[in-house]
file data_5.cif (mmCIF, N, CA and C atoms)
data_input
#
loop_
_atom_site.group_PDB
_atom_site.id
_atom_site.type_symbol
_atom_site.label_atom_id
_atom_site.label_comp_id
_atom_site.auth_asym_id
_atom_site.auth_seq_id
_atom_site.Cartn_x
_atom_site.Cartn_y
_atom_site.Cartn_z
ATOM 1 N N MET A 1 0.848 -1.177 0.000
ATOM 2 C CA MET A 1 0.000 0.000 0.000
ATOM 3 C C MET A 1 0.895 1.242 0.000
ATOM 4 N N ILE A 2 0.556 2.182 -0.841
ATOM 5 C CA ILE A 2 1.208 3.487 -0.838
ATOM 6 C C ILE A 2 0.103 4.533 -0.695
ATOM 7 N N VAL A 3 0.265 5.421 0.263
ATOM 8 C CA VAL A 3 -0.687 6.509 0.473
ATOM 9 C C VAL A 3 0.037 7.806 0.168
ATOM 10 N N ILE A 4 -0.604 8.682 -0.605
ATOM 11 C CA ILE A 4 -0.012 9.980 -0.935
ATOM 12 C C ILE A 4 -0.926 11.070 -0.392
ATOM 13 N N TYR A 5 -0.371 11.895 0.467
ATOM 14 C CA TYR A 5 -1.084 13.032 1.040
ATOM 15 C C TYR A 5 -0.530 14.303 0.381
ATOM 16 N N THR A 6 -1.397 15.189 -0.076
ATOM 17 C CA THR A 6 -0.965 16.424 -0.720
ATOM 18 C C THR A 6 -1.514 17.608 0.072
ATOM 19 N N LEU A 7 -0.641 18.561 0.364
ATOM 20 C CA LEU A 7 -1.050 19.735 1.138
ATOM 21 C C LEU A 7 -0.165 20.917 0.801
ATOM 22 N N ARG A 8 -0.534 22.076 1.310
ATOM 23 C CA ARG A 8 0.286 23.280 1.157
ATOM 24 C C ARG A 8 0.933 23.591 2.497
ATOM 25 N N VAL A 9 2.190 23.964 2.440
ATOM 26 C CA VAL A 9 2.950 24.293 3.641
ATOM 27 C C VAL A 9 3.452 25.721 3.498
ATOM 28 N N ARG A 10 3.239 26.522 4.527
ATOM 29 C CA ARG A 10 3.695 27.917 4.524
ATOM 30 C C ARG A 10 4.851 28.087 5.504
ATOM 31 N N CYS A 11 5.786 28.929 5.111
ATOM 32 C CA CYS A 11 6.882 29.316 5.991
ATOM 33 C C CYS A 11 7.414 30.657 5.496
ATOM 34 N N ALA A 12 8.425 31.189 6.150
ATOM 35 C CA ALA A 12 9.000 32.473 5.752
ATOM 36 C C ALA A 12 10.338 32.251 5.064
ATOM 37 N N CYS A 13 10.588 33.031 4.028
ATOM 38 C CA CYS A 13 11.862 32.958 3.318
ATOM 39 C C CYS A 13 12.956 33.574 4.185
ATOM 40 N N PRO A 14 14.060 32.874 4.400
ATOM 41 C CA PRO A 14 15.156 33.414 5.213
ATOM 42 C C PRO A 14 15.849 34.620 4.569
ATOM 43 N N ILE A 15 15.681 34.806 3.272
ATOM 44 C CA ILE A 15 16.363 35.894 2.566
ATOM 45 C C ILE A 15 15.586 37.206 2.655
ATOM 46 N N ASP A 16 14.278 37.163 2.335
ATOM 47 C CA ASP A 16 13.502 38.406 2.278
ATOM 48 C C ASP A 16 12.318 38.461 3.249
ATOM 49 N N ASP A 17 12.167 37.464 4.089
ATOM 50 C CA ASP A 17 11.092 37.379 5.089
ATOM 51 C C ASP A 17 9.685 37.275 4.497
ATOM 52 N N LEU A 18 9.564 37.146 3.186
ATOM 53 C CA LEU A 18 8.243 36.998 2.572
ATOM 54 C C LEU A 18 7.725 35.580 2.810
ATOM 55 N N SER A 19 6.418 35.455 2.743
ATOM 56 C CA SER A 19 5.797 34.154 2.937
ATOM 57 C C SER A 19 6.013 33.271 1.708
ATOM 58 N N ASP A 20 6.465 32.055 1.929
ATOM 59 C CA ASP A 20 6.605 31.065 0.868
ATOM 60 C C ASP A 20 5.519 30.013 1.063
ATOM 61 N N VAL A 21 4.940 29.552 -0.045
ATOM 62 C CA VAL A 21 3.939 28.492 0.004
ATOM 63 C C VAL A 21 4.436 27.364 -0.889
ATOM 64 N N TYR A 22 4.515 26.183 -0.336
ATOM 65 C CA TYR A 22 4.988 25.010 -1.074
ATOM 66 C C TYR A 22 3.871 23.984 -1.173
ATOM 67 N N THR A 23 3.841 23.279 -2.283
ATOM 68 C CA THR A 23 2.995 22.100 -2.393
ATOM 69 C C THR A 23 3.844 20.930 -1.933
ATOM 70 N N ALA A 24 3.334 20.190 -0.973
ATOM 71 C CA ALA A 24 4.072 19.049 -0.433
ATOM 72 C C ALA A 24 3.269 17.772 -0.659
ATOM 73 N N LYS A 25 3.980 16.730 -1.069
ATOM 74 C CA LYS A 25 3.394 15.402 -1.163
ATOM 75 C C LYS A 25 4.119 14.514 -0.169
ATOM 76 N N VAL A 26 3.345 13.843 0.658
ATOM 77 C CA VAL A 26 3.883 12.929 1.663
ATOM 78 C C VAL A 26 3.537 11.518 1.203
ATOM 79 N N PHE A 27 4.563 10.692 1.012
ATOM 80 C CA PHE A 27 4.391 9.316 0.547
ATOM 81 C C PHE A 27 4.619 8.369 1.719
ATOM 82 N N SER A 28 3.656 7.490 1.971
ATOM 83 C CA SER A 28 3.781 6.593 3.123
ATOM 84 C C SER A 28 3.300 5.188 2.761
ATOM 85 N N ASP A 29 3.899 4.200 3.422
ATOM 86 C CA ASP A 29 3.443 2.822 3.252
ATOM 87 C C ASP A 29 2.501 2.419 4.387
ATOM 88 N N ARG A 30 2.044 3.429 5.128
ATOM 89 C CA ARG A 30 1.101 3.208 6.238
ATOM 90 C C ARG A 30 0.159 4.407 6.294
ATOM 91 N N ALA A 31 -0.935 4.242 6.991
ATOM 92 C CA ALA A 31 -1.859 5.359 7.181
ATOM 93 C C ALA A 31 -1.265 6.320 8.212
ATOM 94 N N VAL A 32 -1.213 7.584 7.867
ATOM 95 C CA VAL A 32 -0.744 8.630 8.776
ATOM 96 C C VAL A 32 -1.944 9.533 9.061
ATOM 97 N N PRO A 33 -2.286 9.749 10.327
ATOM 98 C CA PRO A 33 -3.420 10.628 10.620
ATOM 99 C C PRO A 33 -3.211 12.014 9.994
ATOM 100 N N VAL A 34 -4.214 12.482 9.287
ATOM 101 C CA VAL A 34 -4.133 13.793 8.644
ATOM 102 C C VAL A 34 -3.830 14.880 9.675
ATOM 103 N N GLU A 35 -4.365 14.735 10.857
ATOM 104 C CA GLU A 35 -4.116 15.719 11.915
ATOM 105 C C GLU A 35 -2.629 15.809 12.261
ATOM 106 N N GLU A 36 -1.944 14.682 12.214
ATOM 107 C CA GLU A 36 -0.503 14.666 12.475
ATOM 108 C C GLU A 36 0.256 15.419 11.380
ATOM 109 N N ILE A 37 -0.143 15.207 10.144
ATOM 110 C CA ILE A 37 0.497 15.896 9.024
ATOM 111 C C ILE A 37 0.252 17.399 9.117
ATOM 112 N N LEU A 38 -0.997 17.791 9.386
ATOM 113 C CA LEU A 38 -1.330 19.214 9.483
ATOM 114 C C LEU A 38 -0.628 19.894 10.649
ATOM 115 N N GLU A 39 -0.522 19.213 11.764
ATOM 116 C CA GLU A 39 0.188 19.768 12.929
ATOM 117 C C GLU A 39 1.658 19.993 12.605
ATOM 118 N N CYS A 40 2.253 19.032 11.925
ATOM 119 C CA CYS A 40 3.651 19.155 11.521
ATOM 120 C C CYS A 40 3.822 20.348 10.584
ATOM 121 N N ALA A 41 2.960 20.457 9.585
ATOM 122 C CA ALA A 41 3.041 21.562 8.621
ATOM 123 C C ALA A 41 2.841 22.907 9.310
ATOM 124 N N LYS A 42 1.920 22.983 10.235
ATOM 125 C CA LYS A 42 1.627 24.234 10.940
ATOM 126 C C LYS A 42 2.831 24.718 11.754
ATOM 127 N N SER A 43 3.661 23.804 12.204
ATOM 128 C CA SER A 43 4.821 24.185 13.026
ATOM 129 C C SER A 43 5.842 25.017 12.242
ATOM 130 N N PHE A 44 5.722 25.063 10.915
ATOM 131 C CA PHE A 44 6.665 25.824 10.084
ATOM 132 C C PHE A 44 6.161 27.213 9.725
ATOM 133 N N GLU A 45 4.908 27.524 10.023
ATOM 134 C CA GLU A 45 4.302 28.771 9.567
ATOM 135 C C GLU A 45 5.060 30.030 9.984
ATOM 136 N N SER A 46 5.626 30.044 11.148
ATOM 137 C CA SER A 46 6.317 31.252 11.619
ATOM 138 C C SER A 46 7.841 31.133 11.522
ATOM 139 N N ARG A 47 8.320 30.060 10.927
ATOM 140 C CA ARG A 47 9.769 29.833 10.836
ATOM 141 C C ARG A 47 10.357 30.341 9.538
ATOM 142 N N LYS A 48 11.588 30.847 9.615
ATOM 143 C CA LYS A 48 12.365 31.169 8.424
ATOM 144 C C LYS A 48 13.158 29.920 8.076
ATOM 145 N N ILE A 49 12.891 29.363 6.892
ATOM 146 C CA ILE A 49 13.522 28.098 6.534
ATOM 147 C C ILE A 49 13.582 27.962 5.014
ATOM 148 N N PHE A 50 14.670 27.405 4.512
ATOM 149 C CA PHE A 50 14.797 27.128 3.087
ATOM 150 C C PHE A 50 13.993 25.881 2.731
ATOM 151 N N GLN A 51 13.583 25.779 1.486
ATOM 152 C CA GLN A 51 12.782 24.653 1.021
ATOM 153 C C GLN A 51 13.479 23.317 1.263
ATOM 154 N N GLU A 52 14.773 23.270 1.044
ATOM 155 C CA GLU A 52 15.513 22.022 1.228
ATOM 156 C C GLU A 52 15.443 21.547 2.680
ATOM 157 N N GLN A 53 15.624 22.479 3.608
ATOM 158 C CA GLN A 53 15.550 22.139 5.032
ATOM 159 C C GLN A 53 14.129 21.748 5.429
ATOM 160 N N LEU A 54 13.159 22.488 4.905
ATOM 161 C CA LEU A 54 11.756 22.190 5.185
ATOM 162 C C LEU A 54 11.426 20.763 4.776
ATOM 163 N N THR A 55 11.828 20.385 3.581
ATOM 164 C CA THR A 55 11.525 19.052 3.064
ATOM 165 C C THR A 55 12.170 17.968 3.926
ATOM 166 N N GLU A 56 13.427 18.176 4.287
ATOM 167 C CA GLU A 56 14.112 17.196 5.140
ATOM 168 C C GLU A 56 13.442 17.068 6.501
ATOM 169 N N GLU A 57 13.060 18.191 7.094
ATOM 170 C CA GLU A 57 12.433 18.149 8.424
ATOM 171 C C GLU A 57 11.053 17.504 8.378
ATOM 172 N N LEU A 58 10.279 17.793 7.334
ATOM 173 C CA LEU A 58 8.984 17.125 7.192
ATOM 174 C C LEU A 58 9.172 15.618 7.082
ATOM 175 N N ALA A 59 10.112 15.198 6.250
ATOM 176 C CA ALA A 59 10.361 13.765 6.057
ATOM 177 C C ALA A 59 10.804 13.095 7.355
ATOM 178 N N ARG A 60 11.698 13.749 8.069
ATOM 179 C CA ARG A 60 12.202 13.182 9.318
ATOM 180 C C ARG A 60 11.101 13.105 10.378
ATOM 181 N N THR A 61 10.350 14.180 10.528
ATOM 182 C CA THR A 61 9.309 14.228 11.558
ATOM 183 C C THR A 61 8.193 13.220 11.285
ATOM 184 N N LEU A 62 7.804 13.093 10.026
ATOM 185 C CA LEU A 62 6.702 12.196 9.668
ATOM 186 C C LEU A 62 7.156 10.773 9.361
ATOM 187 N N SER A 63 8.464 10.559 9.276
ATOM 188 C CA SER A 63 9.022 9.246 8.908
ATOM 189 C C SER A 63 8.446 8.767 7.575
ATOM 190 N N CYS A 64 8.422 9.684 6.614
ATOM 191 C CA CYS A 64 7.886 9.401 5.286
ATOM 192 C C CYS A 64 8.762 10.071 4.235
ATOM 193 N N LYS A 65 8.598 9.646 2.994
ATOM 194 C CA LYS A 65 9.217 10.351 1.878
ATOM 195 C C LYS A 65 8.378 11.597 1.608
ATOM 196 N N VAL A 66 9.033 12.739 1.376
ATOM 197 C CA VAL A 66 8.333 13.991 1.124
ATOM 198 C C VAL A 66 8.913 14.651 -0.125
ATOM 199 N N HIS A 67 8.030 15.188 -0.949
ATOM 200 C CA HIS A 67 8.424 15.919 -2.163
ATOM 201 C C HIS A 67 7.749 17.283 -2.099
ATOM 202 N N THR A 68 8.531 18.364 -2.223
ATOM 203 C CA THR A 68 7.958 19.711 -2.219
ATOM 204 C C THR A 68 8.233 20.401 -3.554
ATOM 205 N N VAL A 69 7.316 21.312 -3.911
ATOM 206 C CA VAL A 69 7.445 22.117 -5.116
ATOM 207 C C VAL A 69 7.212 23.565 -4.724
ATOM 208 N N GLY A 70 8.110 24.436 -5.161
ATOM 209 C CA GLY A 70 7.966 25.859 -4.881
ATOM 210 C C GLY A 70 8.540 26.681 -6.018
ATOM 211 N N TRP A 71 8.212 27.959 -6.021
ATOM 212 C CA TRP A 71 8.720 28.888 -7.035
ATOM 213 C C TRP A 71 9.519 29.971 -6.345
ATOM 214 N N HIS A 72 10.723 30.222 -6.828
ATOM 215 C CA HIS A 72 11.614 31.237 -6.267
ATOM 216 C C HIS A 72 12.129 32.102 -7.410
ATOM 217 N N SER A 73 11.740 33.358 -7.407
ATOM 218 C CA SER A 73 12.192 34.299 -8.446
ATOM 219 C C SER A 73 11.946 33.751 -9.858
ATOM 220 N N GLY A 74 10.799 33.088 -10.037
ATOM 221 C CA GLY A 74 10.447 32.551 -11.349
ATOM 222 C C GLY A 74 11.041 31.200 -11.671
ATOM 223 N N VAL A 75 11.745 30.607 -10.712
ATOM 224 C CA VAL A 75 12.380 29.293 -10.920
ATOM 225 C C VAL A 75 11.629 28.248 -10.098
ATOM 226 N N LYS A 76 11.116 27.220 -10.782
ATOM 227 C CA LYS A 76 10.437 26.126 -10.092
ATOM 228 C C LYS A 76 11.489 25.240 -9.442
ATOM 229 N N THR A 77 11.310 24.979 -8.144
ATOM 230 C CA THR A 77 12.259 24.157 -7.393
ATOM 231 C C THR A 77 11.510 22.955 -6.806
ATOM 232 N N GLU A 78 12.053 21.764 -7.035
ATOM 233 C CA GLU A 78 11.477 20.544 -6.480
ATOM 234 C C GLU A 78 12.522 19.848 -5.628
ATOM 235 N N VAL A 79 12.113 19.431 -4.441
ATOM 236 C CA VAL A 79 13.029 18.774 -3.502
ATOM 237 C C VAL A 79 12.357 17.501 -2.989
ATOM 238 N N THR A 80 13.123 16.415 -2.932
ATOM 239 C CA THR A 80 12.625 15.156 -2.390
ATOM 240 C C THR A 80 13.562 14.685 -1.286
ATOM 241 N N ALA A 81 12.970 14.283 -0.180
ATOM 242 C CA ALA A 81 13.758 13.739 0.945
ATOM 243 C C ALA A 81 13.054 12.506 1.479
#
call {"tool": "encode", "arguments": {"input": "data_5.cif", "output": "structure tokens"}}
result
Amino acid sequence: MIVIYTLRVRCACPIDDLSDVYTAKVFSDRAVPVEEILECAKSFESRKIFQEQLTEELARTLSCKVHTVGWHSGVKTEVTA
């Protein structure tokens, strides 16, 4: 079984303090309570963090594979951890 959860994660850009919004996909071989995923994502809302770090921390905290997509200065960036 593979379960894919898709959500938006907000955080602050460490460079310009503007709000960044990423599309995140969480891949799991088990059921993960949606509330757990949302709580994890919410913990980043007030943090200044780069997309690469965000993706790694989501993956580590949820014990799942995570893929994020974001746009920076017109450049689409995808990160998988």
call {"tool": "resolve_selection", "arguments": {"input": "data_5.cif", "expression": "the PyMOL selection byres (((chain A and resi 38-53 and name CA) around 9) and name CA)", "output": "ChimeraX atom specification"}}
result
/A:7-15,17,19-20,22,33-37,54-58,61-62,68-70,77-81
call {"tool": "atom_distance", "arguments": {"input": "data_5.cif", "atom1": "atom N of Thr23 (chain A)", "atom2": "CA of Met1 (chain A)"}}
result
23.7 Å
call {"tool": "atom_distance", "arguments": {"input": "data_5.cif", "atom1": "CA of Val66 (chain A)", "atom2": "CA of Val3 (chain A)"}}
result
11.7 Å
call {"tool": "select_by_dssp", "arguments": {"input": "data_5.cif", "residues": "chain A", "states": "alpha helix (DSSP H)", "output": "ChimeraX atom specification"}}
result
/A:34-42,51-62
call {"tool": "select_by_dssp", "arguments": {"input": "data_5.cif", "residues": "chain A", "states": "strand (DSSP E or B)", "output": "NGL selection string"}}
result
:A and (3-12 or 19-28 or 48 or 65-72 or 75-80)
call {"tool": "atom_distance", "arguments": {"input": "data_5.cif", "atom1": "atom N of Ile4 (chain A)", "atom2": "atom N of Lys25 (chain A)"}}
result
9.3 Å
call {"tool": "residues_near_point", "arguments": {"input": "data_5.cif", "point": "(9.0, 7.0, 3.0)", "cutoff": "6.5 Å", "atoms": "only N, CA and C atoms", "output": "PDB file with N, CA and C atoms, keeping the file's coordinate frame"}}
result
ATOM      1  N   PHE A  27       4.563  10.692   1.012  1.00  0.00           N
ATOM      2  CA  PHE A  27       4.391   9.316   0.547  1.00  0.00           C
ATOM      3  C   PHE A  27       4.619   8.369   1.719  1.00  0.00           C
ATOM      4  N   SER A  28       3.656   7.490   1.971  1.00  0.00           N
ATOM      5  CA  SER A  28       3.781   6.593   3.123  1.00  0.00           C
ATOM      6  C   SER A  28       3.300   5.188   2.761  1.00  0.00           C
ATOM      7  N   ASP A  29       3.899   4.200   3.422  1.00  0.00           N
ATOM      8  CA  ASP A  29       3.443   2.822   3.252  1.00  0.00           C
ATOM      9  C   ASP A  29       2.501   2.419   4.387  1.00  0.00           C
ATOM     10  N   SER A  63       8.464  10.559   9.276  1.00  0.00           N
ATOM     11  CA  SER A  63       9.022   9.246   8.908  1.00  0.00           C
ATOM     12  C   SER A  63       8.446   8.767   7.575  1.00  0.00           C
ATOM     13  N   CYS A  64       8.422   9.684   6.614  1.00  0.00           N
ATOM     14  CA  CYS A  64       7.886   9.401   5.286  1.00  0.00           C
ATOM     15  C   CYS A  64       8.762  10.071   4.235  1.00  0.00           C
ATOM     16  N   LYS A  65       8.598   9.646   2.994  1.00  0.00           N
ATOM     17  CA  LYS A  65       9.217  10.351   1.878  1.00  0.00           C
ATOM     18  C   LYS A  65       8.378  11.597   1.608  1.00  0.00           C
ATOM     19  N   VAL A  66       9.033  12.739   1.376  1.00  0.00           N
ATOM     20  CA  VAL A  66       8.333  13.991   1.124  1.00  0.00           C
ATOM     21  C   VAL A  66       8.913  14.651  -0.125  1.00  0.00           C
TER      22      VAL A  66
END
call {"tool": "decode", "arguments": {"input": "data_5.cif", "residues": "region 18-49 of chain A", "atoms": "N, CA and C atoms", "output": "mmCIF file, in the first residue's frame"}}
result
data_model
loop_
_atom_site.group_PDB
_atom_site.id
_atom_site.type_symbol
_atom_site.label_atom_id
_atom_site.label_comp_id
_atom_site.auth_asym_id
_atom_site.auth_seq_id
_atom_site.Cartn_x
_atom_site.Cartn_y
_atom_site.Cartn_z
ATOM 1 N N LEU A 18 9.564 37.146 3.186
ATOM 2 C CA LEU A 18 8.243 36.998 2.572
ATOM 3 C C LEU A 18 7.725 35.580 2.810
ATOM 4 N N SER A 19 6.418 35.455 2.743
ATOM 5 C CA SER A 19 5.797 34.154 2.937
ATOM 6 C C SER A 19 6.013 33.271 1.708
ATOM 7 N N ASP A 20 6.465 32.055 1.929
ATOM 8 C CA ASP A 20 6.605 31.065 0.868
ATOM 9 C C ASP A 20 5.519 30.013 1.063
ATOM 10 N N VAL A 21 4.940 29.552 -0.045
ATOM 11 C CA VAL A 21 3.939 28.492 0.004
ATOM 12 C C VAL A 21 4.436 27.364 -0.889
ATOM 13 N N TYR A 22 4.515 26.183 -0.336
ATOM 14 C CA TYR A 22 4.988 25.010 -1.074
ATOM 15 C C TYR A 22 3.871 23.984 -1.173
ATOM 16 N N THR A 23 3.841 23.279 -2.283
ATOM 17 C CA THR A 23 2.995 22.100 -2.393
ATOM 18 C C THR A 23 3.844 20.930 -1.933
ATOM 19 N N ALA A 24 3.334 20.190 -0.973
ATOM 20 C CA ALA A 24 4.072 19.049 -0.433
ATOM 21 C C ALA A 24 3.269 17.772 -0.659
ATOM 22 N N LYS A 25 3.980 16.730 -1.069
ATOM 23 C CA LYS A 25 3.394 15.402 -1.163
ATOM 24 C C LYS A 25 4.119 14.514 -0.169
ATOM 25 N N VAL A 26 3.345 13.843 0.658
ATOM 26 C CA VAL A 26 3.883 12.929 1.663
ATOM 27 C C VAL A 26 3.537 11.518 1.203
ATOM 28 N N PHE A 27 4.563 10.692 1.012
ATOM 29 C CA PHE A 27 4.391 9.316 0.547
ATOM 30 C C PHE A 27 4.619 8.369 1.719
ATOM 31 N N SER A 28 3.656 7.490 1.971
ATOM 32 C CA SER A 28 3.781 6.593 3.123
ATOM 33 C C SER A 28 3.300 5.188 2.761
ATOM 34 N N ASP A 29 3.899 4.200 3.422
ATOM 35 C CA ASP A 29 3.443 2.822 3.252
ATOM 36 C C ASP A 29 2.501 2.419 4.387
ATOM 37 N N ARG A 30 2.044 3.429 5.128
ATOM 38 C CA ARG A 30 1.101 3.208 6.238
ATOM 39 C C ARG A 30 0.159 4.407 6.294
ATOM 40 N N ALA A 31 -0.935 4.242 6.991
ATOM 41 C CA ALA A 31 -1.859 5.359 7.181
ATOM 42 C C ALA A 31 -1.265 6.320 8.212
ATOM 43 N N VAL A 32 -1.213 7.584 7.867
ATOM 44 C CA VAL A 32 -0.744 8.630 8.776
ATOM 45 C C VAL A 32 -1.944 9.533 9.061
ATOM 46 N N PRO A 33 -2.286 9.749 10.327
ATOM 47 C CA PRO A 33 -3.420 10.628 10.620
ATOM 48 C C PRO A 33 -3.211 12.014 9.994
ATOM 49 N N VAL A 34 -4.214 12.482 9.287
ATOM 50 C CA VAL A 34 -4.133 13.793 8.644
ATOM 51 C C VAL A 34 -3.830 14.880 9.675
ATOM 52 N N GLU A 35 -4.365 14.735 10.857
ATOM 53 C CA GLU A 35 -4.116 15.719 11.915
ATOM 54 C C GLU A 35 -2.629 15.809 12.261
ATOM 55 N N GLU A 36 -1.944 14.682 12.214
ATOM 56 C CA GLU A 36 -0.503 14.666 12.475
ATOM 57 C C GLU A 36 0.256 15.419 11.380
ATOM 58 N N ILE A 37 -0.143 15.207 10.144
ATOM 59 C CA ILE A 37 0.497 15.896 9.024
ATOM 60 C C ILE A 37 0.252 17.399 9.117
ATOM 61 N N LEU A 38 -0.997 17.791 9.386
ATOM 62 C CA LEU A 38 -1.330 19.214 9.483
ATOM 63 C C LEU A 38 -0.628 19.894 10.649
ATOM 64 N N GLU A 39 -0.522 19.213 11.764
ATOM 65 C CA GLU A 39 0.188 19.768 12.929
ATOM 66 C C GLU A 39 1.658 19.993 12.605
ATOM 67 N N CYS A 40 2.253 19.032 11.925
ATOM 68 C CA CYS A 40 3.651 19.155 11.521
ATOM 69 C C CYS A 40 3.822 20.348 10.584
ATOM 70 N N ALA A 41 2.960 20.457 9.585
ATOM 71 C CA ALA A 41 3.041 21.562 8.621
ATOM 72 C C ALA A 41 2.841 22.907 9.310
ATOM 73 N N LYS A 42 1.920 22.983 10.235
ATOM 74 C CA LYS A 42 1.627 24.234 10.940
ATOM 75 C C LYS A 42 2.831 24.718 11.754
ATOM 76 N N SER A 43 3.661 23.804 12.204
ATOM 77 C CA SER A 43 4.821 24.185 13.026
ATOM 78 C C SER A 43 5.842 25.017 12.242
ATOM 79 N N PHE A 44 5.722 25.063 10.915
ATOM 80 C CA PHE A 44 6.665 25.824 10.084
ATOM 81 C C PHE A 44 6.161 27.213 9.725
ATOM 82 N N GLU A 45 4.908 27.524 10.023
ATOM 83 C CA GLU A 45 4.302 28.771 9.567
ATOM 84 C C GLU A 45 5.060 30.030 9.984
ATOM 85 N N SER A 46 5.626 30.044 11.148
ATOM 86 C CA SER A 46 6.317 31.252 11.619
ATOM 87 C C SER A 46 7.841 31.133 11.522
ATOM 88 N N ARG A 47 8.320 30.060 10.927
ATOM 89 C CA ARG A 47 9.769 29.833 10.836
ATOM 90 C C ARG A 47 10.357 30.341 9.538
ATOM 91 N N LYS A 48 11.588 30.847 9.615
ATOM 92 C CA LYS A 48 12.365 31.169 8.424
ATOM 93 C C LYS A 48 13.158 29.920 8.076
ATOM 94 N N ILE A 49 12.891 29.363 6.892
ATOM 95 C CA ILE A 49 13.522 28.098 6.534
ATOM 96 C C ILE A 49 13.582 27.962 5.014
#
